[in-house]
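K.L.:
What follows is target-v4.txt; its format and atoms are compact mmCIF, C-alpha atoms.
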# COMPACT_ATOMS: atom_id res chain seq x y z
CA MET A 25 -35.70 7.18 -7.58
CA PRO A 26 -33.85 4.48 -9.48
CA ARG A 27 -31.05 2.76 -7.67
CA VAL A 28 -27.98 1.14 -9.15
CA VAL A 29 -26.37 -1.53 -7.03
CA VAL A 30 -22.72 -2.46 -7.30
CA ASP A 31 -21.63 -5.65 -5.57
CA VAL A 32 -17.90 -6.03 -5.00
CA MET A 33 -16.45 -9.41 -4.03
CA PRO A 34 -12.94 -10.64 -3.39
CA LYS A 35 -11.79 -12.74 -6.34
CA PRO A 36 -12.05 -16.48 -5.68
CA GLU A 37 -8.26 -16.95 -5.73
CA ILE A 38 -7.73 -14.20 -3.15
CA LEU A 39 -7.71 -15.32 0.47
CA ASP A 40 -10.60 -13.69 2.34
CA PRO A 41 -9.59 -13.59 6.03
CA GLN A 42 -12.84 -11.84 7.05
CA GLY A 43 -14.99 -14.49 5.39
CA LYS A 44 -12.86 -17.16 7.07
CA ALA A 45 -13.39 -15.55 10.48
CA VAL A 46 -17.16 -15.50 9.95
CA LEU A 47 -17.07 -19.11 8.80
CA GLY A 48 -15.17 -20.02 11.97
CA ALA A 49 -17.72 -18.25 14.17
CA LEU A 50 -20.81 -19.98 12.76
CA PRO A 51 -20.27 -23.43 14.33
CA ARG A 52 -19.50 -21.77 17.67
CA LEU A 53 -23.02 -20.30 17.52
CA GLY A 54 -24.51 -23.68 16.74
CA PHE A 55 -24.98 -23.16 12.99
CA SER A 56 -23.84 -26.08 10.90
CA GLY A 57 -23.75 -26.93 7.22
CA VAL A 58 -22.02 -23.78 5.93
CA THR A 59 -18.92 -24.80 4.01
CA ASP A 60 -17.57 -21.40 2.95
CA VAL A 61 -18.15 -17.67 3.51
CA ARG A 62 -16.91 -14.84 1.31
CA GLN A 63 -17.37 -11.28 2.50
CA GLY A 64 -17.83 -8.43 0.02
CA LYS A 65 -19.26 -4.93 -0.22
CA ARG A 66 -22.53 -3.59 -1.59
CA PHE A 67 -22.82 -0.03 -2.88
CA GLU A 68 -26.23 1.55 -3.50
CA LEU A 69 -26.06 4.48 -5.89
CA GLU A 70 -29.11 6.74 -6.15
CA VAL A 71 -29.07 8.32 -9.59
CA GLU A 72 -30.91 11.23 -11.16
CA GLY A 73 -33.41 10.51 -13.91
CA GLU A 74 -33.57 7.32 -15.87
CA VAL A 75 -30.95 4.64 -15.76
CA THR A 76 -29.78 4.75 -19.35
CA ASP A 77 -26.97 2.77 -20.92
CA ALA A 78 -24.80 5.86 -20.56
CA VAL A 79 -25.50 5.98 -16.82
CA LEU A 80 -24.68 2.30 -16.49
CA ALA A 81 -21.48 2.80 -18.45
CA ASP A 82 -20.57 5.57 -16.01
CA VAL A 83 -21.30 3.36 -13.01
CA ASP A 84 -19.19 0.65 -14.57
CA ARG A 85 -16.26 3.06 -14.75
CA MET A 86 -16.87 4.13 -11.13
CA ALA A 87 -16.85 0.49 -10.10
CA GLU A 88 -13.64 -0.18 -11.96
CA THR A 89 -11.69 2.89 -10.87
CA LEU A 90 -12.85 3.51 -7.31
CA LEU A 91 -15.41 1.10 -5.86
CA SER A 92 -13.34 -2.01 -6.58
CA ASN A 93 -9.67 -2.83 -6.97
CA PRO A 94 -9.54 -5.09 -10.04
CA VAL A 95 -6.33 -6.68 -8.75
CA ILE A 96 -8.17 -8.37 -5.89
CA GLU A 97 -11.89 -7.83 -6.47
CA SER A 98 -14.58 -8.37 -9.07
CA TYR A 99 -17.85 -6.45 -9.33
CA THR A 100 -21.33 -6.65 -10.80
CA VAL A 101 -23.64 -3.74 -11.64
CA ARG A 102 -27.44 -4.05 -11.59
CA VAL A 103 -30.48 -1.80 -11.44
CA GLU A 104 -32.90 -2.11 -8.56
CA GLN A 105 -36.40 -0.67 -8.88
CA ASP A 106 -38.14 1.06 -5.95
CA ALA A 107 -38.83 -1.32 -3.15
CA MET B 287 18.55 17.11 -0.75
CA LYS B 288 14.93 18.04 -0.15
CA VAL B 289 12.73 15.08 0.70
CA GLY B 290 8.98 15.68 0.87
CA VAL B 291 6.76 13.76 3.28
CA VAL B 292 3.06 13.86 2.44
CA THR B 293 0.50 14.27 5.20
CA PHE B 294 -2.92 12.84 4.38
CA PRO B 295 -5.88 13.08 6.74
CA GLY B 296 -5.19 10.09 8.97
CA SER B 297 -1.44 9.84 8.39
CA LEU B 298 0.31 8.77 11.60
CA ASP B 299 3.96 8.44 10.80
CA ASP B 300 4.59 11.61 8.82
CA VAL B 301 6.41 13.30 11.71
CA ASP B 302 8.59 10.23 12.33
CA ALA B 303 9.34 10.04 8.61
CA ARG B 304 10.40 13.70 8.53
CA ARG B 305 12.65 13.06 11.53
CA ALA B 306 14.16 10.04 9.78
CA VAL B 307 14.81 12.16 6.69
CA ARG B 308 16.70 14.69 8.83
CA LEU B 309 18.68 11.94 10.57
CA GLY B 310 19.48 10.64 7.08
CA GLY B 311 21.15 13.98 6.39
CA HIS B 312 18.50 15.65 4.28
CA GLU B 313 16.00 18.47 4.50
CA ALA B 314 12.48 17.28 5.29
CA VAL B 315 9.66 19.16 3.59
CA ALA B 316 6.06 18.74 4.80
CA LEU B 317 3.70 18.24 1.85
CA TRP B 318 -0.08 18.46 2.11
CA HIS B 319 -2.43 15.98 0.44
CA GLY B 320 -4.73 18.77 -0.76
CA ASP B 321 -2.06 20.71 -2.66
CA HIS B 322 -1.07 20.25 -6.29
CA ASP B 323 2.46 21.13 -5.22
CA LEU B 324 5.61 19.14 -4.48
CA GLN B 325 7.50 22.33 -3.46
CA GLY B 326 10.51 21.44 -5.57
CA VAL B 327 11.51 18.35 -3.59
CA ASP B 328 13.96 15.75 -4.94
CA ALA B 329 12.17 12.74 -3.48
CA VAL B 330 8.87 11.91 -1.80
CA VAL B 331 7.89 9.67 1.13
CA LEU B 332 4.29 8.52 1.56
CA PRO B 333 4.10 7.68 5.27
CA GLY B 334 2.19 5.10 7.25
CA GLY B 335 -1.14 5.56 8.95
CA PHE B 336 -4.80 5.23 8.10
CA SER B 337 -5.35 7.86 5.44
CA TYR B 338 -9.03 8.69 4.95
CA GLY B 339 -9.73 6.22 7.74
CA ASP B 340 -8.86 3.34 5.42
CA TYR B 341 -12.44 3.74 4.15
CA LEU B 342 -13.37 1.74 1.06
CA ARG B 343 -9.92 0.12 0.84
CA CYS B 344 -6.59 1.17 2.33
CA GLY B 345 -5.17 3.90 0.10
CA ALA B 346 -8.11 3.88 -2.32
CA ILE B 347 -9.27 7.42 -1.61
CA SER B 348 -5.83 8.95 -0.93
CA ARG B 349 -4.78 7.76 -4.34
CA PHE B 350 -7.12 10.40 -5.84
CA SER B 351 -6.00 13.27 -3.60
CA PRO B 352 -4.56 16.31 -5.41
CA VAL B 353 -0.94 15.75 -4.34
CA MET B 354 -0.99 12.22 -5.77
CA THR B 355 -1.51 13.59 -9.29
CA GLU B 356 1.85 15.32 -8.86
CA VAL B 357 3.50 12.32 -7.19
CA ILE B 358 2.39 9.96 -9.96
CA GLU B 359 3.62 12.36 -12.60
CA ALA B 360 6.98 12.88 -10.85
CA ALA B 361 7.42 9.14 -10.29
CA GLY B 362 6.94 8.68 -14.04
CA ARG B 363 9.82 11.10 -14.61
CA GLY B 364 12.00 9.03 -12.27
CA MET B 365 11.68 10.87 -8.97
CA PRO B 366 12.36 8.55 -6.02
CA VAL B 367 9.15 7.72 -4.16
CA LEU B 368 9.03 5.56 -1.03
CA GLY B 369 5.69 4.33 0.30
CA ILE B 370 5.74 2.90 3.80
CA CYS B 371 2.86 0.72 5.01
CA ASN B 372 -0.20 2.85 4.16
CA GLY B 373 2.07 4.58 1.63
CA PHE B 374 2.76 1.18 0.03
CA GLN B 375 -1.00 0.62 -0.16
CA ILE B 376 -1.42 4.01 -1.83
CA LEU B 377 1.30 3.17 -4.39
CA CYS B 378 -0.49 -0.09 -5.26
CA GLU B 379 -3.85 1.67 -5.55
CA SER B 380 -2.15 4.26 -7.80
CA HIS B 381 -0.84 1.45 -10.01
CA LEU B 382 2.69 2.76 -9.52
CA LEU B 383 3.37 -0.69 -8.08
CA PRO B 384 1.68 -3.98 -9.01
CA GLY B 385 -0.35 -6.16 -6.67
CA ALA B 386 -2.39 -5.22 -3.62
CA LEU B 387 -2.31 -5.44 0.17
CA ILE B 388 -5.09 -7.25 1.95
CA ARG B 389 -5.95 -8.02 5.56
CA ASN B 390 -3.41 -10.08 7.47
CA GLN B 391 -4.00 -13.78 7.13
CA ARG B 392 -4.70 -14.16 10.85
CA GLN B 393 -6.84 -10.99 11.03
CA LYS B 394 -4.74 -9.51 13.82
CA PHE B 395 -2.99 -6.17 13.84
CA LEU B 396 0.73 -6.85 14.25
CA CYS B 397 3.42 -4.87 15.99
CA LEU B 398 6.81 -6.54 16.20
CA ASP B 399 10.53 -6.35 15.53
CA GLN B 400 10.76 -7.97 12.12
CA ARG B 401 13.80 -9.55 10.52
CA LEU B 402 14.09 -8.79 6.81
CA ARG B 403 16.47 -9.55 3.99
CA ILE B 404 17.21 -6.66 1.61
CA GLU B 405 17.24 -8.11 -1.90
CA ARG B 406 17.35 -5.16 -4.27
CA THR B 407 19.99 -2.53 -3.61
CA ASP B 408 20.07 -0.61 -6.89
CA THR B 409 17.21 1.66 -5.81
CA PRO B 410 17.79 5.12 -4.33
CA TRP B 411 16.11 3.94 -1.12
CA THR B 412 18.16 0.79 -0.56
CA ALA B 413 21.58 1.70 -1.97
CA ALA B 414 23.00 1.93 1.56
CA TYR B 415 22.45 -1.80 2.10
CA ALA B 416 24.38 -4.81 0.87
CA GLU B 417 22.47 -7.31 -1.22
CA GLY B 418 21.25 -10.07 1.07
CA GLN B 419 21.83 -7.96 4.18
CA GLU B 420 19.67 -8.95 7.13
CA VAL B 421 18.08 -6.11 9.08
CA VAL B 422 15.56 -5.71 11.90
CA ILE B 423 12.86 -3.13 11.27
CA ALA B 424 9.61 -2.38 13.08
CA LEU B 425 6.53 -3.95 11.49
CA LYS B 426 3.01 -2.84 12.39
CA ASN B 427 0.08 -3.44 10.12
CA GLY B 428 -3.42 -4.77 9.89
CA GLU B 429 -3.62 -5.07 6.13
CA GLY B 430 -0.11 -5.98 5.10
CA SER B 431 -0.55 -9.19 3.21
CA PHE B 432 0.90 -8.67 -0.25
CA VAL B 433 -1.00 -10.44 -3.02
CA ALA B 434 -0.69 -10.55 -6.79
CA ASP B 435 -1.37 -13.16 -9.46
CA THR B 436 1.27 -15.79 -10.12
CA GLU B 437 2.34 -14.17 -13.37
CA THR B 438 2.97 -10.84 -11.61
CA LEU B 439 4.84 -12.55 -8.75
CA ASP B 440 7.04 -14.41 -11.22
CA ARG B 441 7.74 -11.20 -13.08
CA LEU B 442 8.63 -9.35 -9.85
CA GLU B 443 11.07 -12.10 -8.89
CA GLY B 444 12.42 -12.54 -12.42
CA GLU B 445 13.11 -8.82 -12.85
CA GLY B 446 14.59 -8.50 -9.37
CA GLN B 447 11.85 -6.16 -8.16
CA VAL B 448 11.49 -7.77 -4.75
CA VAL B 449 13.19 -5.23 -2.48
CA ALA B 450 12.79 -6.97 0.88
CA ARG B 451 11.51 -10.28 2.18
CA TYR B 452 10.37 -11.41 5.62
CA LEU B 453 12.70 -13.80 7.41
CA GLY B 454 11.47 -16.33 9.93
CA GLU B 455 7.76 -16.91 10.25
CA ASN B 456 5.73 -15.06 7.64
CA PRO B 457 3.97 -12.43 9.79
CA ASN B 458 0.95 -11.55 7.66
CA GLY B 459 0.51 -14.07 4.88
CA SER B 460 2.30 -12.06 2.17
CA LEU B 461 2.81 -14.21 -0.88
CA ARG B 462 6.41 -15.40 -1.29
CA ASP B 463 7.27 -13.60 1.99
CA ILE B 464 7.34 -10.27 0.16
CA ALA B 465 7.81 -7.26 2.46
CA GLY B 466 8.63 -4.69 -0.21
CA ILE B 467 8.77 -4.27 -3.97
CA SER B 468 9.86 -1.70 -6.52
CA ASN B 469 8.81 -0.69 -9.99
CA GLU B 470 11.01 -1.82 -12.88
CA ARG B 471 13.11 1.31 -12.86
CA GLY B 472 13.64 1.09 -9.11
CA ASN B 473 12.74 4.68 -8.24
CA VAL B 474 9.39 3.71 -6.69
CA VAL B 475 9.62 1.44 -3.65
CA GLY B 476 6.82 0.19 -1.40
CA LEU B 477 7.63 -1.35 1.96
CA MET B 478 5.25 -2.73 4.60
CA PRO B 479 7.67 -2.49 7.59
CA HIS B 480 8.53 0.93 9.02
CA PRO B 481 12.20 1.92 8.62
CA GLU B 482 11.39 5.38 10.02
CA HIS B 483 10.81 3.74 13.42
CA SER B 484 14.23 2.09 13.36
CA VAL B 485 16.57 5.06 13.08
CA GLU B 486 17.70 5.81 16.63
CA GLU B 487 19.21 3.75 19.45
CA LEU B 488 17.14 5.55 22.07
CA CYS B 489 13.87 3.99 21.00
CA GLY B 490 12.63 1.44 18.56
CA THR B 491 14.49 -1.49 17.14
CA GLY B 492 17.97 -0.15 16.54
CA THR B 493 19.08 1.85 13.54
CA ASP B 494 18.76 -0.62 10.68
CA GLY B 495 16.10 1.52 9.01
CA LEU B 496 18.23 4.61 8.63
CA GLY B 497 19.72 3.41 5.34
CA PHE B 498 16.39 4.03 3.61
CA PHE B 499 16.69 7.73 4.35
CA THR B 500 20.32 8.42 3.49
CA LEU B 501 19.49 8.16 -0.22
CA ALA B 502 23.16 7.31 -0.64
CA SER B 503 23.34 6.77 -4.40
CA LEU B 504 21.20 9.79 -5.15
CA ALA B 505 23.17 12.11 -2.90
CA ALA B 506 26.35 10.94 -4.62
CA GLU B 507 24.77 11.72 -7.98
CA VAL B 508 23.63 15.18 -6.95
CA PHE B 509 26.87 16.18 -5.26
CA ALA B 510 29.21 14.54 -7.76
Just give me the structure as structure tokens.
P.N.:
Amino acid sequence: MPRVVVDVMPKPEILDPQGKAVLGALPRLGFSGVTDVRQGKRFELEVEGEVTDAVLADVDRMAETLLSNPVIESYTVRVEQDA
Amino acid sequence: MKVGVVTFPGSLDDVDARRAVRLGGHEAVALWHGDHDLQGVDAVVLPGGFSYGDYLRCGAISRFSPVMTEVIEAAGRGMPVLGICNGFQILCESHLLPGALIRNQRQKFLCLDQRLRIERTDTPWTAAYAEGQEVVIALKNGEGSFVADTETLDRLEGEGQVVARYLGENPNGSLRDIAGISNERGNVVGLMPHPEHSVEELCGTGTDGLGFFTLASLAAEVFA
């Protein structure tokens, strides 16, 4: 079953309080060397049949209208073959 | 006048909003998120809460509920629509208002008596206030930080679409201390604080919020 993955990330200019909180927790756990953390979302869409350009165009519209809010987030769409 | 208050799955403040509407001198009509029906109301309130569990993003799923098709259409015709807290988030997700609301800068859910300055008074929801009037209204939110790009912020300020601003320490990181905005026409207003919790002396933070529900200018228009 082909899988289409949509990654949604807060835009770089948008403050990401969750990423900041994670960044703040890392040194407390003894991890050093991380200078920034951004937290996003990953959607895995199982689709019927082949992943055609039309399917990808559909997923793109899903990503733009529902999965992300273009005011604050950007997204990427990619196809993942069976693991 | 008839003022509809929408109940979404996860709305919390719909009953308080209906009570505030009645205290404001109007008839409160309960509207259901799953109906394509505004039941002939003259204005609509989208209340606070956690509609659809705030899944995906606050307001993102509610924005596609059946009643919102009607609300968006009516707002386009000029019907007054007030979105409070989660309702504000729904209005932004619906693109009836620009910008977005993200998690509070300090990550914490807030609940406090917030001082505000009312800046736009030529909207049906704020006509009862004087421009520059300072009020205290309950504020409670986890994702109340208003963000938009600089161009949008400049336009909101230039066109006088900032309805209310936080006074004192900025509680949630909202850009330019913005607590509420309107669309250009002024009929659609989104507000992060909760005026419906500040309508009675018995409980809450005084009665400074009541002005949002008297719909003073509109009532004058209808009964003129």
K.L.:
Within 7 Å of chain B, which residues of chain A are there when counting only C-alpha atoms? Please give them as an NGL selection string.
P.N.:
:A and (41 or 90 or 95-96)
K.L.:
For the residues selected in the previous step, produce a file with C-alpha atoms as an mmCIF file, in the frame of the given file.
P.N.:
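Saved as again.cif:
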data_model
loop_
_atom_site.group_PDB
_atom_site.id
_atom_site.type_symbol
_atom_site.label_atom_id
_atom_site.label_comp_id
_atom_site.auth_asym_id
_atom_site.auth_seq_id
_atom_site.Cartn_x
_atom_site.Cartn_y
_atom_site.Cartn_z
ATOM 1 C CA PRO A 41 -9.590 -13.590 6.030
ATOM 2 C CA LEU A 90 -12.850 3.510 -7.310
ATOM 3 C CA VAL A 95 -6.330 -6.680 -8.750
ATOM 4 C CA ILE A 96 -8.170 -8.370 -5.890
#
K.L.:
Write out as number ranges by chain each polymer residue whose atoms come within 12 Å of A:Gly64, counting only C-alpha atoms; drop sequence neighbours fewer than 4 positions from it.
P.N.:
A: 30-36, 40-43, 91-92, 96-100; B: 342-343
K.L.:
What lies within 12 Å of B:Asn458 using all atoms listed in the file, ignoring chain neighbours under 4 positions off, as a CSV table (one decimal) with C-alpha atoms, in the coordinates of the input?
P.N.:
chain,number,residue,atom,x,y,z
A,39,LEU,CA,-7.7,-15.3,0.5
A,41,PRO,CA,-9.6,-13.6,6.0
B,387,LEU,CA,-2.3,-5.4,0.2
B,388,ILE,CA,-5.1,-7.2,2.0
B,389,ARG,CA,-6.0,-8.0,5.6
B,390,ASN,CA,-3.4,-10.1,7.5
B,391,GLN,CA,-4.0,-13.8,7.1
B,392,ARG,CA,-4.7,-14.2,10.8
B,393,GLN,CA,-6.8,-11.0,11.0
B,394,LYS,CA,-4.7,-9.5,13.8
B,395,PHE,CA,-3.0,-6.2,13.8
B,396,LEU,CA,0.7,-6.8,14.2
B,397,CYS,CA,3.4,-4.9,16.0
B,398,LEU,CA,6.8,-6.5,16.2
B,400,GLN,CA,10.8,-8.0,12.1
B,425,LEU,CA,6.5,-4.0,11.5
B,426,LYS,CA,3.0,-2.8,12.4
B,427,ASN,CA,0.1,-3.4,10.1
B,428,GLY,CA,-3.4,-4.8,9.9
B,429,GLU,CA,-3.6,-5.1,6.1
B,430,GLY,CA,-0.1,-6.0,5.1
B,431,SER,CA,-0.6,-9.2,3.2
B,432,PHE,CA,0.9,-8.7,-0.2
B,433,VAL,CA,-1.0,-10.4,-3.0
B,451,ARG,CA,11.5,-10.3,2.2
B,452,TYR,CA,10.4,-11.4,5.6
B,453,LEU,CA,12.7,-13.8,7.4
B,454,GLY,CA,11.5,-16.3,9.9
B,462,ARG,CA,6.4,-15.4,-1.3
B,463,ASP,CA,7.3,-13.6,2.0
B,464,ILE,CA,7.3,-10.3,0.2
B,465,ALA,CA,7.8,-7.3,2.5
B,478,MET,CA,5.2,-2.7,4.6
B,479,PRO,CA,7.7,-2.5,7.6
K.L.:
Given the choices B:Leu442, B:Ala502, B:Met365, B:Ala316, which gets closest to B:Asp328 if the distance is worked out from all atoms listed in the file?
P.N.:
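Answer, going by the shortest atom-to-atom distance: B:Met365.
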K.L.:
Counting only C-alpha atoms, which residue out of B:Pro333, B:Ser380, B:Arg305, B:Val292 sits closest to B:His319?
P.N.:
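Using only C-alpha atoms, B:His319 sits closest to B:Val292.
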K.L.:
Anything within 10 Å of (-33.3, 4.9, -16.2): list those residues as a PyMOL selection string, counting only C-alpha atoms and sticking to the file's coordinates.
P.N.:
chain A and resi 25-28+71-80+103+105
K.L.:
In Å, with one decimal, what is the gap from atom CA of B:Gly339 to atom CA of B:Phe374?
P.N.:
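Distance between the two atoms: 15.5 Å.
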K.L.:
One decimal, in Å: what's the spacing between atom CA of B:Phe336 and atom CA of A:Asn93?
P.N.:
17.8 Å
K.L.:
In terms of the shortest atom-to-atom distance over all atoms listed in the file, which of B:Gly418, B:Gly334, B:Gly290, B:Gly369 is closest to B:Asn473?
P.N.:
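The answer is B:Gly369, which sits nearest to B:Asn473.
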K.L.:
Might you pull out every residue within 9 Å of B:Leu309, with only C-alpha atoms counted and same-chain residues fewer than 2 positions away left off, and present them as a compact mmCIF listing (two decimals) with C-alpha atoms, in the coordinates of the input?
P.N.:
# COMPACT_ATOMS: atom_id res chain seq x y z
CA ARG B 304 10.40 13.70 8.53
CA ARG B 305 12.65 13.06 11.53
CA ALA B 306 14.16 10.04 9.78
CA VAL B 307 14.81 12.16 6.69
CA GLY B 311 21.15 13.98 6.39
CA HIS B 312 18.50 15.65 4.28
CA VAL B 485 16.57 5.06 13.08
CA GLU B 486 17.70 5.81 16.63
CA LEU B 496 18.23 4.61 8.63
CA PHE B 499 16.69 7.73 4.35
CA THR B 500 20.32 8.42 3.49
K.L.:
Report, in Å with one decimal, the straight-line distance from atom CA of B:Ser348 to atom CA of A:Ala81.
P.N.:
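Straight-line distance from atom CA of B:Ser348 to atom CA of A:Ala81 works out to 24.3 Å.
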K.L.:
When distances are computed from only C-alpha atoms, which of B:Arg403, B:Thr438, B:Val448, B:Pro295 shows the smallest separation from B:Tyr341?
P.N.:
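For B:Tyr341, the nearest of the candidates is B:Pro295.
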